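Okay, entry34.txt is below, compact mmCIF, C-alpha atoms:
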```txt
# COMPACT_ATOMS: atom_id res chain seq x y z
CA MET A 1433 23.54 11.29 -4.02
CA ARG A 1434 24.56 8.07 -2.29
CA THR A 1435 23.34 5.86 -5.10
CA ARG A 1436 25.68 7.34 -7.67
CA PHE A 1437 28.66 5.77 -5.88
CA LEU A 1438 26.94 2.37 -5.90
CA TRP A 1439 27.00 2.42 -9.67
CA ALA A 1440 30.46 3.85 -10.19
CA LEU A 1441 31.98 0.51 -11.17
CA LEU A 1442 29.52 -0.14 -13.99
CA LEU A 1443 30.87 -0.29 -17.54
CA VAL A 1444 29.46 2.68 -19.45
CA VAL A 1445 29.63 3.70 -23.12
CA PRO A 1446 28.82 7.35 -23.99
CA VAL A 1447 25.82 7.96 -26.26
CA ALA A 1448 23.96 10.98 -27.56
CA ALA A 1449 21.55 13.19 -25.58
CA GLY A 1450 23.61 12.98 -22.40
CA CYS A 1451 22.75 9.33 -21.68
CA GLU A 1452 25.09 6.43 -21.11
CA ARG A 1453 24.78 2.90 -22.42
CA VAL A 1454 25.34 0.40 -19.71
CA ASP A 1455 26.37 -3.25 -19.67
CA HIS A 1456 25.69 -4.85 -16.29
CA SER A 1457 26.68 -8.38 -17.31
CA GLY A 1458 28.85 -10.10 -14.77
CA ASP A 1459 28.27 -7.40 -12.18
CA PHE A 1460 26.87 -9.50 -9.34
CA PRO A 1461 27.72 -9.82 -5.64
CA GLN A 1462 30.15 -12.70 -5.18
CA GLN A 1463 28.82 -14.41 -2.08
CA ALA A 1464 27.81 -17.92 -1.28
CA GLU A 1465 24.69 -16.95 0.66
CA VAL A 1466 22.13 -14.21 0.14
CA PRO A 1467 20.74 -13.11 3.54
CA GLU A 1468 19.23 -9.94 2.10
CA ILE A 1469 18.79 -8.80 -1.48
CA ALA A 1470 19.55 -5.20 -2.38
CA LEU A 1471 16.94 -3.33 -4.40
CA GLU A 1472 19.55 -2.09 -6.87
CA ASP A 1473 20.53 -5.72 -7.64
CA ILE A 1474 17.00 -6.48 -8.83
CA ALA A 1475 16.85 -3.24 -10.83
CA ARG A 1476 20.04 -4.29 -12.62
CA ILE A 1477 18.71 -7.76 -13.33
CA LEU A 1478 15.46 -6.37 -14.75
CA SER A 1479 17.43 -4.01 -16.98
CA GLU A 1480 19.46 -6.93 -18.40
CA ILE A 1481 16.69 -9.37 -19.31
CA PRO A 1482 14.95 -9.34 -22.72
CA ILE A 1483 11.63 -7.85 -21.59
CA GLY A 1484 9.05 -8.07 -24.36
CA ALA A 1485 5.40 -7.26 -24.94
CA GLN A 1486 4.22 -10.33 -23.01
CA GLN A 1487 6.23 -9.41 -19.91
CA MET A 1488 4.97 -5.82 -20.11
CA GLU A 1489 1.41 -7.17 -20.26
CA GLU A 1490 2.05 -9.46 -17.30
CA VAL A 1491 3.32 -6.65 -15.07
CA HIS A 1492 0.53 -4.34 -16.18
CA ASP A 1493 -2.08 -7.04 -15.46
CA ALA A 1494 -0.65 -7.48 -11.96
CA VAL A 1495 -0.47 -3.81 -10.99
CA ASP A 1496 -3.94 -3.25 -12.44
CA ALA A 1497 -5.28 -6.13 -10.32
CA SER A 1498 -3.61 -4.76 -7.18
CA SER A 1499 -5.09 -1.34 -7.85
CA GLY A 1500 -8.54 -2.86 -8.38
CA ASN A 1501 -8.23 -4.58 -5.00
CA GLY A 1502 -7.58 -1.26 -3.30
CA TYR A 1503 -3.78 -1.54 -3.09
CA ASP A 1504 -1.01 0.39 -4.77
CA GLU A 1505 0.10 -0.30 -8.36
CA GLU A 1506 2.41 -3.12 -7.31
CA TYR A 1507 3.56 -6.60 -8.30
CA THR A 1508 5.19 -8.52 -5.47
CA MET A 1509 7.95 -11.04 -6.06
CA ARG A 1510 5.84 -13.56 -4.16
CA ASP A 1511 3.07 -13.29 -6.73
CA LEU A 1512 5.51 -12.97 -9.63
CA PHE A 1513 7.01 -16.39 -8.85
CA SER A 1514 3.94 -18.21 -7.53
CA ASP A 1515 1.10 -16.75 -9.63
CA PRO A 1516 2.27 -14.68 -12.63
CA GLY A 1517 0.03 -11.72 -13.36
CA ALA A 1518 -1.71 -11.82 -9.96
CA GLY A 1519 -2.13 -8.68 -7.91
CA VAL A 1520 -2.07 -8.10 -4.17
CA GLY A 1521 -5.37 -9.37 -2.77
CA ASP A 1522 -6.00 -11.96 -5.51
CA SER A 1523 -4.77 -14.82 -3.32
CA GLN A 1524 -7.26 -13.89 -0.57
CA ALA A 1525 -10.07 -13.74 -3.12
CA LYS A 1526 -9.11 -17.16 -4.50
CA ALA A 1527 -8.96 -18.68 -1.00
CA ALA A 1528 -12.44 -17.30 -0.29
CA GLY A 1529 -13.80 -18.65 -3.57
CA ILE A 1530 -14.81 -15.23 -4.89
CA TYR A 1531 -12.13 -14.78 -7.55
CA THR A 1532 -13.99 -14.10 -10.79
CA LYS A 1533 -11.17 -13.37 -13.26
CA ALA A 1534 -10.44 -15.89 -15.99
CA PRO A 1535 -6.98 -17.49 -15.53
CA LYS A 1536 -4.34 -16.07 -17.84
CA HIS A 1537 -1.37 -17.95 -19.28
CA TYR A 1538 1.95 -16.31 -20.13
CA GLU A 1539 4.24 -18.40 -22.36
CA ARG A 1540 7.35 -16.63 -21.04
CA PRO A 1541 6.51 -15.26 -17.60
CA LEU A 1542 8.87 -12.74 -16.09
CA LYS A 1543 9.98 -15.25 -13.45
CA ASP A 1544 11.59 -17.42 -16.15
CA LEU A 1545 13.61 -14.52 -17.52
CA ILE A 1546 14.74 -13.49 -14.03
CA ALA A 1547 15.76 -17.06 -13.20
CA GLU A 1548 17.76 -17.36 -16.42
CA GLN A 1549 19.60 -14.12 -15.74
CA VAL A 1550 20.37 -15.08 -12.14
CA ARG A 1551 21.81 -18.40 -13.33
CA LEU A 1552 23.85 -16.62 -16.02
CA ARG A 1553 25.28 -14.23 -13.46
CA ALA A 1554 26.04 -17.13 -11.10
CA THR A 1555 28.05 -18.84 -13.86
CA LYS A 1556 30.16 -15.71 -14.31
CA ALA A 1557 30.55 -15.01 -10.59
CA GLY A 1558 31.47 -18.61 -9.89
CA ASP A 1559 30.35 -19.20 -6.34
CA ILE A 1560 26.82 -17.87 -5.83
CA SER A 1561 23.90 -20.28 -5.50
CA PRO A 1562 21.20 -19.21 -7.97
CA GLU A 1563 18.55 -21.35 -6.28
CA ALA A 1564 19.27 -19.78 -2.89
CA TYR A 1565 19.12 -16.33 -4.46
CA LEU A 1566 15.80 -17.02 -6.22
CA ALA A 1567 14.32 -18.53 -3.06
CA ALA A 1568 15.37 -15.47 -1.06
CA LEU A 1569 13.92 -13.19 -3.71
CA GLN A 1570 10.57 -14.99 -3.70
CA ALA A 1571 10.40 -14.89 0.10
CA SER A 1572 11.31 -11.20 0.28
CA ASP A 1573 9.01 -8.19 0.39
CA ILE A 1574 10.53 -6.81 -2.82
CA GLN A 1575 8.14 -5.76 -5.57
CA ILE A 1576 7.80 -3.84 -8.84
CA TYR A 1577 5.93 -0.59 -8.34
CA TRP A 1578 4.54 1.04 -11.50
CA PRO A 1579 3.20 4.54 -10.68
CA TYR A 1580 0.74 6.07 -13.13
CA SER A 1581 0.46 2.71 -14.89
CA GLU A 1582 -3.03 3.62 -16.14
CA GLN A 1583 -1.37 6.07 -18.53
CA TRP A 1584 0.74 3.42 -20.30
CA ASP A 1585 0.33 3.54 -24.10
CA GLY A 1586 0.61 -0.25 -24.42
CA THR A 1587 3.87 -0.22 -26.38
CA SER A 1588 6.58 1.81 -24.59
CA TRP A 1589 9.35 -0.07 -22.77
CA PRO A 1590 9.96 0.73 -19.11
CA VAL A 1591 12.54 2.82 -17.36
CA ILE A 1592 13.76 0.72 -14.42
CA THR A 1593 14.94 2.26 -11.15
CA PHE A 1594 14.85 1.50 -7.42
CA ASP A 1595 13.99 3.18 -4.13
CA PRO A 1596 17.19 4.82 -2.82
CA LEU A 1597 15.76 4.57 0.72
CA ASP A 1598 17.09 8.01 1.65
CA GLY A 1599 14.05 10.16 0.86
CA ALA A 1600 15.59 11.52 -2.33
CA SER A 1601 13.32 12.63 -5.18
CA ARG A 1602 15.71 11.50 -7.95
CA ASN A 1603 17.73 8.37 -8.64
CA VAL A 1604 19.60 6.60 -11.41
CA GLY A 1605 17.45 4.60 -13.82
CA TYR A 1606 17.77 2.41 -16.93
CA ARG A 1607 15.76 2.85 -20.08
CA LEU A 1608 15.32 -0.13 -22.40
CA VAL A 1609 15.88 0.97 -26.01
CA GLU A 1610 15.37 -1.14 -29.14
CA GLY A 1611 17.32 -0.23 -32.29
CA VAL A 1612 16.07 -0.44 -35.87
CA ASP A 1613 17.93 -3.75 -36.24
CA GLY A 1614 16.09 -5.21 -33.24
CA SER A 1615 19.10 -5.02 -30.91
CA ARG A 1616 18.44 -4.03 -27.30
CA THR A 1617 20.52 -1.48 -25.39
CA VAL A 1618 20.17 0.18 -22.00
CA GLU A 1619 20.49 3.92 -21.41
CA GLU A 1620 21.35 5.31 -18.02
CA LEU A 1621 19.44 8.42 -16.97
CA ILE A 1622 18.18 10.27 -13.92
CA VAL A 1623 14.61 9.39 -12.92
CA ASP A 1624 12.16 11.61 -11.04
CA GLU A 1625 8.40 11.64 -10.58
CA ALA A 1626 7.89 13.98 -13.53
CA LEU A 1627 9.37 11.32 -15.82
CA ALA A 1628 7.14 8.65 -14.24
CA MET A 1629 4.11 10.74 -15.20
CA GLU A 1630 5.20 10.77 -18.83
CA ALA A 1631 6.77 7.35 -19.41
CA PRO A 1632 6.41 3.86 -17.88
CA VAL A 1633 8.72 3.60 -14.86
CA TRP A 1634 9.20 0.43 -12.82
CA VAL A 1635 10.45 1.14 -9.31
CA VAL A 1636 11.94 -1.76 -7.38
CA ASN A 1637 10.90 -1.14 -3.78
CA ARG A 1638 9.51 -3.01 -0.79
CA ASN A 1639 5.90 -3.87 -0.08
CA ASP A 1640 4.30 -2.19 2.95
CA ASP A 1641 0.58 -2.81 2.53
CA SER A 1642 -0.15 -6.40 1.50
CA LEU A 1643 -0.75 -7.54 5.09
CA TYR A 1644 -3.56 -5.02 5.54
CA PRO A 1645 -7.04 -5.78 4.16
CA THR A 1646 -8.21 -2.74 2.20
CA LEU A 1647 -11.82 -1.55 2.28
CA GLU A 1648 -12.30 -3.02 -1.20
CA MET A 1649 -11.14 -6.44 0.03
CA ARG A 1650 -13.25 -6.21 3.19
CA ARG A 1651 -16.32 -5.44 1.09
CA ARG A 1652 -15.57 -8.31 -1.25
CA LEU A 1653 -14.82 -10.87 1.45
CA ASP A 1654 -17.66 -9.88 3.80
CA PRO A 1655 -21.20 -10.13 2.39
CA HIS A 1656 -22.35 -7.51 4.90
CA TRP A 1657 -20.41 -4.97 2.87
CA GLY A 1658 -22.74 -5.56 -0.10
CA GLU A 1659 -21.59 -6.13 -3.67
CA GLY A 1660 -18.23 -4.45 -3.21
CA GLY A 1661 -19.54 -0.96 -3.77
CA GLY A 1662 -19.88 0.41 -0.26
CA SER A 1663 -23.56 -0.25 0.42
CA LEU A 1664 -24.09 -0.07 4.15
CA ILE A 1665 -25.84 -2.97 5.85
CA VAL A 1666 -26.37 -2.92 9.61
CA ASN A 1667 -28.04 -5.77 11.46
CA LYS A 1668 -30.72 -4.59 13.91
CA ALA A 1669 -30.94 -6.59 17.09
CA ASP A 1670 -34.40 -5.27 17.90
CA ASP A 1671 -36.95 -2.73 16.77
CA GLN A 1672 -35.59 0.09 18.89
CA PRO A 1673 -33.98 2.93 16.93
CA PHE A 1674 -30.24 3.37 17.30
CA LYS A 1675 -27.47 5.50 15.84
CA THR A 1676 -24.55 4.35 13.71
CA LEU A 1677 -21.34 6.36 13.27
CA ILE A 1678 -20.01 6.24 9.72
CA LEU A 1679 -16.89 7.69 8.13
CA LYS A 1680 -18.51 8.87 4.92
CA ASP A 1681 -15.49 10.00 2.90
CA PHE A 1682 -11.82 10.80 3.15
CA LYS A 1683 -9.32 13.13 1.44
CA ALA A 1684 -5.53 13.25 1.84
CA LEU A 1685 -4.04 16.70 1.35
CA ARG A 1686 -0.45 15.61 0.66
CA ASN A 1687 1.83 12.65 0.04
CA PHE A 1688 3.64 11.42 3.13
CA ASP A 1689 6.64 9.62 1.62
CA SER A 1690 9.06 9.83 -1.28
CA TRP A 1691 7.43 8.87 -4.59
CA PHE A 1692 9.85 5.93 -4.84
CA SER A 1693 8.06 4.40 -1.84
CA GLY A 1694 4.68 4.54 -3.58
CA ALA A 1695 1.27 5.47 -2.25
CA SER A 1696 0.33 6.51 1.27
CA GLU A 1697 -1.17 3.74 3.40
CA VAL A 1698 -3.46 5.65 5.75
CA VAL A 1699 -4.79 3.69 8.73
CA ILE A 1700 -7.89 4.97 10.57
CA ARG A 1701 -8.63 3.65 14.07
CA CYS A 1702 -11.57 4.35 16.35
CA GLY A 1703 -11.91 3.06 19.93
CA CYS A 1704 -15.04 3.07 22.08
CA VAL A 1705 -17.52 0.86 23.93
CA GLU A 1706 -20.25 -0.18 21.50
CA HIS A 1707 -23.88 -0.99 22.44
CA PHE A 1708 -23.33 0.65 25.83
CA VAL A 1709 -26.50 0.63 27.93
CA SER A 1710 -25.92 0.65 31.70
CA SER A 1711 -27.73 1.97 34.72
CA THR A 1712 -25.09 1.33 37.42
CA GLU A 1713 -21.36 1.84 37.71
CA ALA A 1714 -20.91 -1.90 38.34
CA GLU A 1715 -22.34 -2.70 34.93
CA LEU A 1716 -19.48 -0.75 33.35
CA LEU A 1717 -17.21 -3.69 34.19
CA LEU A 1718 -19.25 -5.90 31.85
CA TYR A 1719 -18.14 -3.92 28.79
CA ASN A 1720 -14.81 -4.08 27.00
CA PRO A 1721 -13.64 -1.31 24.71
CA SER A 1722 -13.19 -2.24 21.06
CA VAL A 1723 -11.05 -0.80 18.27
CA THR A 1724 -12.20 -0.55 14.68
CA ASP A 1725 -9.47 -0.01 12.09
CA PHE A 1726 -9.38 0.39 8.32
CA MET A 1727 -6.65 1.05 5.78
CA VAL A 1728 -7.12 3.21 2.71
CA VAL A 1729 -4.43 3.45 0.02
CA VAL A 1730 -4.02 6.94 -1.45
CA LYS A 1731 -2.17 6.72 -4.75
CA ARG A 1732 0.05 9.57 -5.86
CA GLY A 1733 -2.55 10.90 -8.28
CA GLU A 1734 -5.35 10.71 -5.69
CA VAL A 1735 -3.99 13.38 -3.34
CA GLY A 1736 -6.60 16.13 -3.04
CA THR A 1737 -9.34 13.82 -4.31
CA VAL A 1738 -12.30 12.82 -2.16
CA LYS A 1739 -12.37 9.03 -1.72
CA PRO A 1740 -15.72 7.50 -0.70
CA PHE A 1741 -15.22 5.52 2.52
CA GLY A 1742 -18.67 4.44 3.69
CA ALA A 1743 -17.35 2.41 6.64
CA VAL A 1744 -19.00 1.85 10.02
CA LEU A 1745 -16.82 3.07 12.89
CA VAL A 1746 -19.34 2.43 15.69
CA SER A 1747 -22.27 0.22 14.78
CA GLN A 1748 -24.43 1.32 17.71
CA TRP A 1749 -23.72 4.70 19.27
CA THR A 1750 -26.01 5.12 22.25
CA ASP A 1751 -26.79 8.35 24.08
CA GLN A 1752 -24.60 7.18 26.97
CA LEU A 1753 -21.43 7.28 24.87
CA GLY A 1754 -19.73 10.60 25.52
CA THR A 1755 -16.47 10.40 23.54
CA CYS A 1756 -14.42 7.98 21.48
CA ALA A 1757 -10.69 7.76 20.82
CA PHE A 1758 -9.70 8.45 17.22
CA MET A 1759 -6.35 8.24 15.40
CA VAL A 1760 -5.19 8.59 11.79
CA THR A 1761 -1.68 7.41 10.83
CA GLU A 1762 0.33 6.79 7.68
CA ASP A 1763 1.93 3.36 7.92
CA ASP A 1764 5.73 3.32 7.74
CA GLY A 1765 6.47 0.15 9.70
CA GLY A 1766 8.77 -0.22 12.68
CA THR A 1767 8.20 -1.63 16.14
CA ARG A 1768 4.62 -2.18 17.24
CA THR A 1769 3.57 0.24 19.94
CA SER A 1770 0.33 1.88 21.07
CA TRP A 1771 -1.25 5.15 22.06
CA LYS A 1772 -3.10 4.99 25.36
CA CYS A 1773 -6.14 7.23 25.35
CA SER A 1774 -9.36 7.45 27.30
CA ALA A 1775 -12.98 7.67 26.20
CA GLU A 1776 -16.09 8.45 28.17
CA VAL A 1777 -19.51 7.04 28.98
CA LYS A 1778 -22.33 8.45 31.09
CA ILE A 1779 -24.32 6.68 33.79
CA LYS A 1780 -27.11 8.68 35.47
CA SER A 1781 -25.59 11.99 34.33
CA LYS A 1782 -22.16 11.06 35.71
CA SER A 1783 -19.21 10.61 33.35
CA TYR A 1784 -16.85 7.65 33.58
CA GLY A 1785 -13.63 7.27 31.64
CA PHE A 1786 -12.18 4.04 30.33
CA ASP A 1787 -8.76 3.34 28.82
CA ILE A 1788 -8.18 2.33 25.21
CA SER A 1789 -4.93 1.40 23.48
CA LEU A 1790 -4.81 2.21 19.77
CA PRO A 1791 -1.93 0.34 18.07
CA PHE A 1792 0.48 1.86 15.55
CA ASN A 1793 4.09 1.43 14.40
CA SER A 1794 7.05 3.39 15.73
CA ARG A 1795 7.94 4.89 12.33
CA ASP A 1796 4.35 5.81 11.38
CA ASP A 1797 3.41 9.40 10.64
CA ILE A 1798 0.75 10.38 13.17
CA ILE A 1799 -1.59 12.56 11.14
CA TRP A 1800 -4.12 13.22 13.91
CA ARG A 1801 -5.14 11.71 17.23
CA GLY A 1802 -7.46 12.74 20.01
CA GLN A 1803 -10.95 12.41 21.45
CA LEU A 1804 -14.12 13.10 19.52
CA SER A 1805 -17.37 13.73 21.37
CA SER A 1806 -20.94 12.79 20.63
CA LYS A 1807 -21.77 16.51 20.52
CA TYR A 1808 -19.23 16.95 17.70
CA PHE A 1809 -20.70 14.11 15.65
CA GLU A 1810 -24.24 15.34 16.17
CA LYS A 1811 -23.45 18.96 15.30
CA TYR A 1812 -21.20 18.30 12.30
CA SER A 1813 -22.80 15.17 10.86
CA SER A 1814 -22.15 15.14 7.08
CA ASP A 1815 -19.88 18.21 7.33
CA THR A 1816 -16.26 17.88 6.26
CA GLY A 1817 -13.70 18.49 9.00
CA HIS A 1818 -9.96 19.15 8.82
CA PHE A 1819 -7.76 16.70 10.78
CA GLY A 1820 -4.11 17.50 10.20
CA ASP A 1821 -3.26 16.63 6.60
CA VAL A 1822 -6.54 14.83 5.90
CA GLU A 1823 -10.16 15.87 5.60
CA LEU A 1824 -12.85 13.56 6.98
CA THR A 1825 -16.63 13.54 6.77
CA PHE A 1826 -18.47 11.73 9.57
CA GLU A 1827 -22.15 10.95 9.53
CA ILE A 1828 -24.58 9.84 12.22
CA VAL A 1829 -27.22 7.56 10.70
CA GLU A 1830 -30.30 6.75 12.76
CA ARG A 1831 -31.81 3.33 12.09
```
Turn the structure described in the file into C-alpha cells.
Amino acid sequence: MRTRFLWALLLVVPVAAGCERVDHSGDFPQQAEVPEIALEDIARILSEIPIGAQQMEEVHDAVDASSGNGYDEEYTMRDLFSDPGAGVGDSQAKAAGIYTKAPKHYERPLKDLIAEQVRLRATKAGDISPEAYLAALQASDIQIYWPYSEQWDGTSWPVITFDPLDGASRNVGYRLVEGVDGSRTVEELIVDEALAMEAPVWVVNRNDDSLYPTLEMRRRLDPHWGEGGGSLIVNKADDQPFKTLILKDFKALRNFDSWFSGASEVVIRCGCVEHFVSSTEAELLLYNPSVTDFMVVVKRGEVGTVKPFGAVLVSQWTDQLGTCAFMVTEDDGGTRTSWKCSAEVKIKSKSYGFDISLPFNSRDDIIWRGQLSSKYFEKYSSDTGHFGDVELTFEIVER
C-alpha cells in the first residue's frame, strides 16, 4: 500500500498485540509556505494532541449536527476554527434566523489544541509559519469524518486515520491509549471499515457535499416545505385540476466510493417544460425548459434502506408534456460538464422535441440517465422502479 511508505520514517517502539507505539513529535514538513495540506499531516497532528472528553464531545456534537441537517457525519475545519461544535448546514440556518439550538461553550476547543501543536512543531522544524499553516487549514476543504458515530459509547478514545485517496479499503491508523498512570500513548494499527463499526474512528478526508443544500436544509429554509418533515405544499394558480410529479422515496443499493471517502452524495435532476399549455407551434418559443435538482446523502449504514424523499420534480405536469429528461449521479467532483438530452411536448397531437442540458461533474458516477414518459408515470405511479443501482418511487398527485 502506498501509504505505508509515507510513514516509514516514523519513530516506532514495539508493543504487545502486534501494535507499534509511535512518536510523531518533530515530524513536520520543513517548508516556508503551505500551498496544500496533506491529509496524513492532519492525522498525525490529531494523534499527537491531548484529546480529552470535551474534545470528543465537541466532535460528536458537530458530526451529529451535520447528520441532522442531512449531510454526512462530518466536521469541517472551517467550522472547527470559526464555530466549534457546529455542523455542516448550521451556518445557513443561523443566517436565515432559524437556528434553534442553544449555543454551546467549550473551554478547550479542538482548534486551540491543534494550534498549539502546530506552533510546537514549527519551533522544532525552525522555518515553517504556523499562522500560514493554520490559515491554510481553515480555508481548506479538510474535515474529520466519523462514520457510525451514533454507536459511540461516550467514553472510548478515537482511532485516527486518513483517506489514502487510492480507493483502498485499509490504511494505517493511530489509536489513543491511556495508561493506568494517566499517561497517553499512541498505537499504530491497520484500520478498515469493520473496525469503524466497532470503535470510534476519525477519518481525515475532504468535504464534497457542503456546497449542496440537502432536502432537510431546503425544507428548513423554505416554508413551502412545511415544518421540515416533508409535508408537500403546492400553490394552485387557479381552480383547475392539475397533476404534480413527485419523487416519493429513494433507495441506494450499494456504496459508490471507498468508505474513507464517506457517504454517497446522490444528485437527482429532472428537466422539462413546466405549466406547458400551448395551441400553436409558435407558442412553444415562449417556454424555457427548467431543471430541478436535489441532493440526498446516503450514509454507509443506509444502503438498502428506503429514504423518504417527498420532493416535487414537476409542479404542474399537463397532458401536453410527453417526456422529461431524468438523471441520477453520485457526486465525485471534477470539471463541470453537461448531458444534452431532449424531452417532448404535444401540440394538436403532434410531438415536438426540445433540448435540455443536465449538469454534472466529469468524475461523477452516472447511475442512470434517460427519458421518462408521461405514460410511464401514469402506469407506475407509486410503484418502485429499478434505475441502475438505485430504486425510485414516483407518484402522480392530482390537485
Problem set entry | Which of A:Leu1653, A:Ala1626, A:Asp1522, A:Glu1830 sits closest to A:Asp1751 [using only C-alpha atoms] |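 Result for the nearest residue to A:Asp1751: A:Glu1830.
Pairwise distance (atom CA of A:Ser1498, atom CA of A:Phe1826) equals 27.8 Å.
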For this session: Can you pull out every residue within 10 Å of A:Ala1547, counting all atoms listed in the file, but drop anything in the same chain fewer than 2 positions away, and send it as a VMD selection string?
Result: chain A and resid 1477 1481 1513 1542 to 1545 1549 to 1553 1562 to 1563 1565 to 1566
Same residues, C-alpha atoms, output as a compact mmCIF listing (two decimals), in the coordinates of the input:
```txt
# COMPACT_ATOMS: atom_id res chain seq x y z
CA ILE A 1477 18.71 -7.76 -13.33
CA ILE A 1481 16.69 -9.37 -19.31
CA PHE A 1513 7.01 -16.39 -8.85
CA LEU A 1542 8.87 -12.74 -16.09
CA LYS A 1543 9.98 -15.25 -13.45
CA ASP A 1544 11.59 -17.42 -16.15
CA LEU A 1545 13.61 -14.52 -17.52
CA GLN A 1549 19.60 -14.12 -15.74
CA VAL A 1550 20.37 -15.08 -12.14
CA ARG A 1551 21.81 -18.40 -13.33
CA LEU A 1552 23.85 -16.62 -16.02
CA ARG A 1553 25.28 -14.23 -13.46
CA PRO A 1562 21.20 -19.21 -7.97
CA GLU A 1563 18.55 -21.35 -6.28
CA TYR A 1565 19.12 -16.33 -4.46
CA LEU A 1566 15.80 -17.02 -6.22
```
For this session: Using all atoms listed in the file, determine which residues lie at most 12 Å from A:Gly1605, disregarding the query and same-chain residues fewer than 4 positions distant; provide the list as a ChimeraX atom specification.
Result: /A:1435-1436,1439,1451-1454,1472,1475-1476,1478-1479,1590-1596,1618-1625,1627-1628,1632-1636,1692
Any idea what's packed within 9 Å of stretch 1757-1774 of chain A, counting all atoms listed in the file, ignoring anything in its chain fewer than 2 positions away? Could you give it as a compact mmCIF listing (two decimals) with C-alpha atoms, keeping the file's coordinate frame?
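Wrote result-v2.txt, looks like this:
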```
# COMPACT_ATOMS: atom_id res chain seq x y z
CA ASP A 1640 4.30 -2.19 2.95
CA ASP A 1641 0.58 -2.81 2.53
CA PHE A 1688 3.64 11.42 3.13
CA ASP A 1689 6.64 9.62 1.62
CA SER A 1696 0.33 6.51 1.27
CA GLU A 1697 -1.17 3.74 3.40
CA VAL A 1698 -3.46 5.65 5.75
CA VAL A 1699 -4.79 3.69 8.73
CA ILE A 1700 -7.89 4.97 10.57
CA ARG A 1701 -8.63 3.65 14.07
CA CYS A 1702 -11.57 4.35 16.35
CA GLY A 1703 -11.91 3.06 19.93
CA CYS A 1704 -15.04 3.07 22.08
CA VAL A 1723 -11.05 -0.80 18.27
CA THR A 1755 -16.47 10.40 23.54
CA GLU A 1776 -16.09 8.45 28.17
CA GLY A 1785 -13.63 7.27 31.64
CA PHE A 1786 -12.18 4.04 30.33
CA ASP A 1787 -8.76 3.34 28.82
CA ILE A 1788 -8.18 2.33 25.21
CA SER A 1789 -4.93 1.40 23.48
CA LEU A 1790 -4.81 2.21 19.77
CA PRO A 1791 -1.93 0.34 18.07
CA PHE A 1792 0.48 1.86 15.55
CA ASN A 1793 4.09 1.43 14.40
CA SER A 1794 7.05 3.39 15.73
CA ARG A 1795 7.94 4.89 12.33
CA ASP A 1796 4.35 5.81 11.38
CA ASP A 1797 3.41 9.40 10.64
CA ILE A 1798 0.75 10.38 13.17
CA ILE A 1799 -1.59 12.56 11.14
CA TRP A 1800 -4.12 13.22 13.91
CA ARG A 1801 -5.14 11.71 17.23
CA GLY A 1802 -7.46 12.74 20.01
CA GLN A 1803 -10.95 12.41 21.45
CA LEU A 1804 -14.12 13.10 19.52
CA SER A 1805 -17.37 13.73 21.37
CA PHE A 1819 -7.76 16.70 10.78
CA VAL A 1822 -6.54 14.83 5.90
```
Problem set entry | Nearest candidate to A:Thr1532 (options A:Val1746, A:Arg1652, A:Glu1630, A:Asp1613; using all atoms listed in the file) | A:Arg1652
